[in-house]
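Encoded as structure tokens, the structure appears first; notes follow it.
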Amino acid sequence: MSLLTVENLSVVNSPSGRSISILRNISFSLNSGETLAVIGETGSGKSMLCKSIIGLLPPGFSRSGNIWYISSDNTKISIITAEESDLLNMRGREIGMVFQEAVASLNPVVRCGNQITDVLSVKSKIEKNKRKKHALKLLETVGLSEPERIFHAYPHQLSGGMTQRVALALALAGEPQLLIADEPSSSLDSISKKYYLNLLNRLKQENNLTLILVTHDVDEALSFADNILVLYAGCMTEYGRTGDIQKSPAHPYTKALLDIARALKENNLPAAIPGEISSLTNPPPGCRFHPRCPKAQDICRVKEPSSICISNSHSVRCFFLVDLS
Amino acid sequence: MKRIVDFICSDKSLYVGSILIGIIIIFSLIGPSLSPYNYSSQNLSEALQSPSVSHPLGTDYYGRDVLARMMHGGQITLGIALLATTIAVLIGMIIGLISAFVGGWLDRILMRLVDIMLGFPKLFIILLVIGMGYSSIGLIILFLAIFSWMEIARIVRSEVLVIKEQLYIKSAEAIGLRRRRIIFIHILPNVMGTIIVSSVLLISTLILIESSISFLGLGVQPPNASWGTILTEGRFDPIGTWWISVFSGIFIIAAIIGFNLIGDGLRNILDPKFTGNS
């Protein structure tokens with residue numbers, strides 16, 4: 001059963017009359033207990049996708065399309081049309097979110113423990129005198145070895161890896177079904193990164209979490225996710241099961257990303273994709289990837305490719321599929 | 001208690017200022033119960049005595065002990081300044097918060113109101129109303145408050161506008177905390193430092209204004225005394241009866257310097273980027 005279904009989601013920002021298309025026709029579905037990795041370069045709209053799912057787009061941005069979510073009491077909720085008060089209840093309790101910079105996502109003047117008990121007081125039914133105990137347990141489950149000390153510490157007294165875990169504890173305090181992690185490991189060094197991802201994986205299995213992991217580390221996505229969504233300049237270039245995408249990437253962009261990841265793994269200097277990501281304010285006509293695409297033909301410069309289903313779980317937007325064999 | 005002492009000792013101007021204000025507060029609060037004289041009981045046979053052992057600060061025209069009046073005056077002066085500051089900070093905080101959170105036309109109207117209020121010559125307006133004969137301590141407090149909330153409102157507004165864009169506010173929203181909770185638990189404590197600094201500085205401004213009004217004879221009326229009232233009682237013969245005005249003047253200066261030092265010290269501690277006189 002799909003926990004989250006996104007249908008033709010588009011996000012438009014319209015400052016002073018102009019309309020800038022941030023996301024175009026994103027569709028995917030995510031089964032309960034699975035992990036979706038969203039990959040793409042900086043500026044491809046990954047964070048915007050997260051924010052539109054949780055309903056926290058900045059003012060001036062509008063969504064169209066549909067986002068369906070099955071809540072824990074088995075009702076189907078349309079996130080786009082839901083009342084703000086319902087969304088407020090859902091956040092934290094149904095959908096949790098972890099941000100990229102954990103230090104900045106914790107209040108600097110409130111002790112870590114109090115931030116967690118504060119969320120518990122709003123988002124769970126735990127009695128007042130048991131909240132501290134529960135908060136300490138949460139800190140322990142996210143792999144912090146001295147929960148009592150961390151409970152009383154201010155965020156600036158902790159290291160980057162520790163605050164990232166406190167932020168995770170905070171997101172898990174309301175026991176959400178779906179956790180959106182927006183580049184949670186990008187500010188960590190490579191060892192804490194591995195550790196953090198293992199932790200995420202463990203917590204996912206223990207709590208039966210469904211996970212949306214935003215990352216620009218292709219390798220991380222391949223080893224961690226069940227499904228992969230590749231975004232380029234706000235367009236969904238390819239979406240499918242991790243195995244399918246790894247074995248037979250259909251879009252030239254996906255193929256280029258995988259080649260780079262492979263080269264990095266083999267300690268070779270990867271060949272960069274030529275050019276820069278196309279700007280969202282002034283996107284090229286036709287396929288947005290065509291200025292950088294090695295296979296671009298005349299049709300790519302005028303017509304936008306529509307979504308082609310290769311199999312029922314693998315779709316791509318390209319006129320010339322890389323490898324269909 | 002030890003933490004408070006350590007905190008105060010961590011900055012030199014905070015330390016000096018706290019001692020100064022501490023002495024003044026103890027003097028005004030505990031002094032009257034130790035003094036053999038009442039601030040208002042007249043004894044014309046002892047009028048205009050210069051400082052001596054029985055009257056350390058001398059006596060005034062009606063034979064009232066100046067020291068006893070200074071102690072009582074301290075209560076009135078500090079009381080007026082503290083109460084008016086509290087009211088002004090409350091008004092300023094509420095208006096600043098509303099302005100920053102609601103935004104749009106309400107923000108524009110409130111900020112223009114602040115501009116208008118700042119444009120008023122406040123001493124003149126206060127003198128005008130009180131000079132029409134409506135003088136009472138309550139009215140003075142109210143007027144001082146009404147004419148001094150604007151800067152707090154501006155500070156709160158600008159700070160809140162910055163803080164509400166911080167990631168930890170976004171993440172509080174993502175966790176689904178209600179707006180009221182976000183304001184009171186996550187935003188206000190972050191603004192508190194700046195509010196405290198500017199309200200301590202406001203106290204000393206208000207002491208000065210209250211003393212000026214009382215000096216002009218429009219503020220606190222006899223037999224009640226504020227330091228400004230006592231100051232004005234010595235004006236008929238400033239050389240011959242110097243003790244009346246000089247001691248009250250010293251107290252006014254000491255209180256203002258004390259609060260300014262505390263304000264500076266707190267700013268040095270709370271704002272590490274400010275390197276004014278540290």
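Residues are named by chain letter and number: chains run A, B, ... in the order of the structure tokens, numbers start at 1 in each chain, and ligands are numbered from 1 in the order shown.
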
* Check every residue of chain A for an atom within 8 Å of chain B, counting only C-alpha atoms, and provide those that qualify as a list in words. => Ile54, Leu56, Leu87, Leu88, Asn89, Met90, Arg91, Gly92, Arg93, Gly96, Met97, Val98, Phe99, Ala104, Ser105, Leu106, Asn107, Val109, Val110, Val119, Val122 and Ala171 of chain A

Write to file, as a PDB file, in the first residue's frame, the residues of the selection just made, with N, CA and C atoms.
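Now in result.pdb:
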ATOM      1  N   ILE A  54       5.621  18.455   3.138  1.00  0.00           N
ATOM      2  CA  ILE A  54       5.251  18.727   4.535  1.00  0.00           C
ATOM      3  C   ILE A  54       4.402  19.992   4.641  1.00  0.00           C
ATOM      4  N   LEU A  56       5.238  23.268   3.932  1.00  0.00           N
ATOM      5  CA  LEU A  56       5.899  24.429   4.527  1.00  0.00           C
ATOM      6  C   LEU A  56       6.621  25.258   3.475  1.00  0.00           C
ATOM      7  N   LEU A  87      -2.892  20.028   9.088  1.00  0.00           N
ATOM      8  CA  LEU A  87      -1.481  19.839   8.745  1.00  0.00           C
ATOM      9  C   LEU A  87      -0.610  20.018   9.974  1.00  0.00           C
ATOM     10  N   LEU A  88      -0.983  21.028  10.798  1.00  0.00           N
ATOM     11  CA  LEU A  88      -0.234  21.312  12.020  1.00  0.00           C
ATOM     12  C   LEU A  88      -0.213  20.075  12.915  1.00  0.00           C
ATOM     13  N   ASN A  89      -1.366  19.399  13.002  1.00  0.00           N
ATOM     14  CA  ASN A  89      -1.429  18.186  13.807  1.00  0.00           C
ATOM     15  C   ASN A  89      -0.601  17.065  13.201  1.00  0.00           C
ATOM     16  N   MET A  90      -0.602  17.021  11.863  1.00  0.00           N
ATOM     17  CA  MET A  90       0.112  15.932  11.191  1.00  0.00           C
ATOM     18  C   MET A  90       1.618  16.060  11.321  1.00  0.00           C
ATOM     19  N   ARG A  91       2.090  17.315  11.262  1.00  0.00           N
ATOM     20  CA  ARG A  91       3.539  17.509  11.313  1.00  0.00           C
ATOM     21  C   ARG A  91       4.075  17.017  12.641  1.00  0.00           C
ATOM     22  N   GLY A  92       5.144  16.246  12.567  1.00  0.00           N
ATOM     23  CA  GLY A  92       5.715  15.734  13.803  1.00  0.00           C
ATOM     24  C   GLY A  92       5.084  14.419  14.190  1.00  0.00           C
ATOM     25  N   ARG A  93       3.739  14.327  14.075  1.00  0.00           N
ATOM     26  CA  ARG A  93       3.068  13.101  14.512  1.00  0.00           C
ATOM     27  C   ARG A  93       2.987  12.100  13.360  1.00  0.00           C
ATOM     28  N   GLY A  96       7.726  13.596   9.898  1.00  0.00           N
ATOM     29  CA  GLY A  96       8.801  14.316  10.580  1.00  0.00           C
ATOM     30  C   GLY A  96       9.817  14.786   9.564  1.00  0.00           C
ATOM     31  N   MET A  97      10.618  15.763   9.967  1.00  0.00           N
ATOM     32  CA  MET A  97      11.599  16.255   9.007  1.00  0.00           C
ATOM     33  C   MET A  97      12.916  16.565   9.711  1.00  0.00           C
ATOM     34  N   VAL A  98      14.009  16.209   9.077  1.00  0.00           N
ATOM     35  CA  VAL A  98      15.337  16.551   9.583  1.00  0.00           C
ATOM     36  C   VAL A  98      16.002  17.446   8.553  1.00  0.00           C
ATOM     37  N   PHE A  99      16.614  18.522   9.040  1.00  0.00           N
ATOM     38  CA  PHE A  99      17.216  19.476   8.110  1.00  0.00           C
ATOM     39  C   PHE A  99      18.707  19.240   7.961  1.00  0.00           C
ATOM     40  N   ALA A 104      21.836  24.650  13.288  1.00  0.00           N
ATOM     41  CA  ALA A 104      20.940  25.778  13.055  1.00  0.00           C
ATOM     42  C   ALA A 104      19.485  25.396  13.269  1.00  0.00           C
ATOM     43  N   SER A 105      19.183  24.084  13.250  1.00  0.00           N
ATOM     44  CA  SER A 105      17.783  23.721  13.410  1.00  0.00           C
ATOM     45  C   SER A 105      17.407  23.484  14.865  1.00  0.00           C
ATOM     46  N   LEU A 106      18.357  23.720  15.780  1.00  0.00           N
ATOM     47  CA  LEU A 106      18.026  23.648  17.208  1.00  0.00           C
ATOM     48  C   LEU A 106      18.079  25.059  17.785  1.00  0.00           C
ATOM     49  N   ASN A 107      17.164  25.347  18.678  1.00  0.00           N
ATOM     50  CA  ASN A 107      17.135  26.673  19.296  1.00  0.00           C
ATOM     51  C   ASN A 107      18.369  26.856  20.192  1.00  0.00           C
ATOM     52  N   VAL A 109      19.114  28.879  22.560  1.00  0.00           N
ATOM     53  CA  VAL A 109      18.998  29.283  23.961  1.00  0.00           C
ATOM     54  C   VAL A 109      18.184  28.298  24.801  1.00  0.00           C
ATOM     55  N   VAL A 110      17.793  27.171  24.219  1.00  0.00           N
ATOM     56  CA  VAL A 110      17.037  26.177  24.988  1.00  0.00           C
ATOM     57  C   VAL A 110      17.864  24.893  25.057  1.00  0.00           C
ATOM     58  N   VAL A 119       8.471  19.099  22.602  1.00  0.00           N
ATOM     59  CA  VAL A 119       7.770  18.444  21.500  1.00  0.00           C
ATOM     60  C   VAL A 119       6.901  17.306  22.038  1.00  0.00           C
ATOM     61  N   VAL A 122       3.547  18.336  23.282  1.00  0.00           N
ATOM     62  CA  VAL A 122       2.553  18.690  22.276  1.00  0.00           C
ATOM     63  C   VAL A 122       2.169  17.486  21.429  1.00  0.00           C
ATOM     64  N   ALA A 171      12.899  14.919  15.689  1.00  0.00           N
ATOM     65  CA  ALA A 171      11.961  14.590  14.604  1.00  0.00           C
ATOM     66  C   ALA A 171      11.212  13.301  14.919  1.00  0.00           C
TER      67      ALA A 171
END

* To do: Name all residues at most 7 Å from segment 209-215 of chain A (count only C-alpha atoms; drop same-chain ones fewer than 5 positions away) and give them as a PyMOL selection string.
  => chain A and resi 32-39+46+177-183+204

Export, as a PDB file, in the first residue's frame, the selected residues with C-alpha atoms.
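Heads up, here's the output in again_27.pdb:
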ATOM      1  CA  SER A  32       5.078   2.013   3.658  1.00  0.00           C
ATOM      2  CA  GLY A  33       8.448   0.972   5.045  1.00  0.00           C
ATOM      3  CA  GLU A  34      10.389   1.824   1.900  1.00  0.00           C
ATOM      4  CA  THR A  35      13.048   4.411   1.265  1.00  0.00           C
ATOM      5  CA  LEU A  36      13.028   6.902  -1.564  1.00  0.00           C
ATOM      6  CA  ALA A  37      16.234   8.700  -2.400  1.00  0.00           C
ATOM      7  CA  VAL A  38      15.921  12.009  -4.194  1.00  0.00           C
ATOM      8  CA  ILE A  39      19.117  12.854  -6.014  1.00  0.00           C
ATOM      9  CA  LYS A  46      15.134  18.657  -3.916  1.00  0.00           C
ATOM     10  CA  GLN A 177       5.350   7.237   9.980  1.00  0.00           C
ATOM     11  CA  LEU A 178       7.192   9.208   7.331  1.00  0.00           C
ATOM     12  CA  LEU A 179      10.539  10.838   7.890  1.00  0.00           C
ATOM     13  CA  ILE A 180      11.859  13.370   5.412  1.00  0.00           C
ATOM     14  CA  ALA A 181      15.607  13.803   5.724  1.00  0.00           C
ATOM     15  CA  ASP A 182      16.839  16.770   3.717  1.00  0.00           C
ATOM     16  CA  GLU A 183      20.550  16.091   3.159  1.00  0.00           C
ATOM     17  CA  LYS A 204      13.882   2.753  10.042  1.00  0.00           C
TER      18      LYS A 204
END

* Selection near Lys12 of chain B, 10 Å with only C-alpha atoms, sequence-local residues under 4 positions removed, as number ranges by chain -> B: 8, 16-18, 261-262, 264-265, 268, 278

Store the residues picked out above, limited to N, CA and C atoms, as a PDB file, in the first residue's frame.
ATOM      1  N   ILE B   8      27.709  38.522  37.584  1.00  0.00           N
ATOM      2  CA  ILE B   8      27.920  39.958  37.762  1.00  0.00           C
ATOM      3  C   ILE B   8      29.410  40.292  37.739  1.00  0.00           C
ATOM      4  N   VAL B  16      30.536  47.208  38.761  1.00  0.00           N
ATOM      5  CA  VAL B  16      30.460  48.522  39.402  1.00  0.00           C
ATOM      6  C   VAL B  16      29.012  49.019  39.442  1.00  0.00           C
ATOM      7  N   GLY B  17      28.323  48.889  38.308  1.00  0.00           N
ATOM      8  CA  GLY B  17      26.933  49.346  38.226  1.00  0.00           C
ATOM      9  C   GLY B  17      26.049  48.629  39.218  1.00  0.00           C
ATOM     10  N   SER B  18      26.204  47.305  39.336  1.00  0.00           N
ATOM     11  CA  SER B  18      25.357  46.543  40.253  1.00  0.00           C
ATOM     12  C   SER B  18      25.593  46.973  41.688  1.00  0.00           C
ATOM     13  N   LEU B 261      25.801  51.693  33.499  1.00  0.00           N
ATOM     14  CA  LEU B 261      26.892  50.720  33.594  1.00  0.00           C
ATOM     15  C   LEU B 261      26.349  49.300  33.492  1.00  0.00           C
ATOM     16  N   ILE B 262      25.217  49.051  34.194  1.00  0.00           N
ATOM     17  CA  ILE B 262      24.620  47.703  34.114  1.00  0.00           C
ATOM     18  C   ILE B 262      24.233  47.401  32.676  1.00  0.00           C
ATOM     19  N   ASP B 264      25.441  48.679  29.884  1.00  0.00           N
ATOM     20  CA  ASP B 264      26.644  48.445  29.079  1.00  0.00           C
ATOM     21  C   ASP B 264      27.230  47.076  29.340  1.00  0.00           C
ATOM     22  N   GLY B 265      27.307  46.730  30.636  1.00  0.00           N
ATOM     23  CA  GLY B 265      27.883  45.444  31.005  1.00  0.00           C
ATOM     24  C   GLY B 265      27.100  44.293  30.420  1.00  0.00           C
ATOM     25  N   ASN B 268      27.767  43.988  26.782  1.00  0.00           N
ATOM     26  CA  ASN B 268      29.054  43.359  26.505  1.00  0.00           C
ATOM     27  C   ASN B 268      28.981  41.852  26.637  1.00  0.00           C
ATOM     28  N   SER B 278      34.973  47.337  25.979  1.00  0.00           N
ATOM     29  CA  SER B 278      35.435  46.209  26.784  1.00  0.00           C
ATOM     30  C   SER B 278      36.941  46.012  26.620  1.00  0.00           C
TER      31      SER B 278
END

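Computed from the coordinates, the atom CA of Leu231 of chain B to atom CA of Ser248 of chain B distance equals 5.6 Å.
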
* Would you list the contacts of Pro56 of chain B as a list in words, taking every protein, DNA or RNA residue within 12 Å and counting only C-alpha atoms, but skipping same-chain residues closer than 4 positions in sequence? => Ser35, Tyr37, Gln49, Ser50, Pro51, Ser52, Asp65, Val66, Leu67, Ala68, Arg69, Met70, Trp243, Ile244 and Phe247 of chain B

* Asked: Of the candidates B:Ile146, B:Ile250, B:Leu206, B:Ile230, which shows the shortest atom-to-atom distance to His72 of chain B, using only C-alpha atoms?
  -> B:Ile230

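Residues lying within 7 Å of Ser10 of chain A, counting only C-alpha atoms and ignoring same-chain neighbours fewer than 4 positions away, are Leu23, Arg24, Asn25, Ile26, Arg63, Ser64 and Gly65 of chain A.
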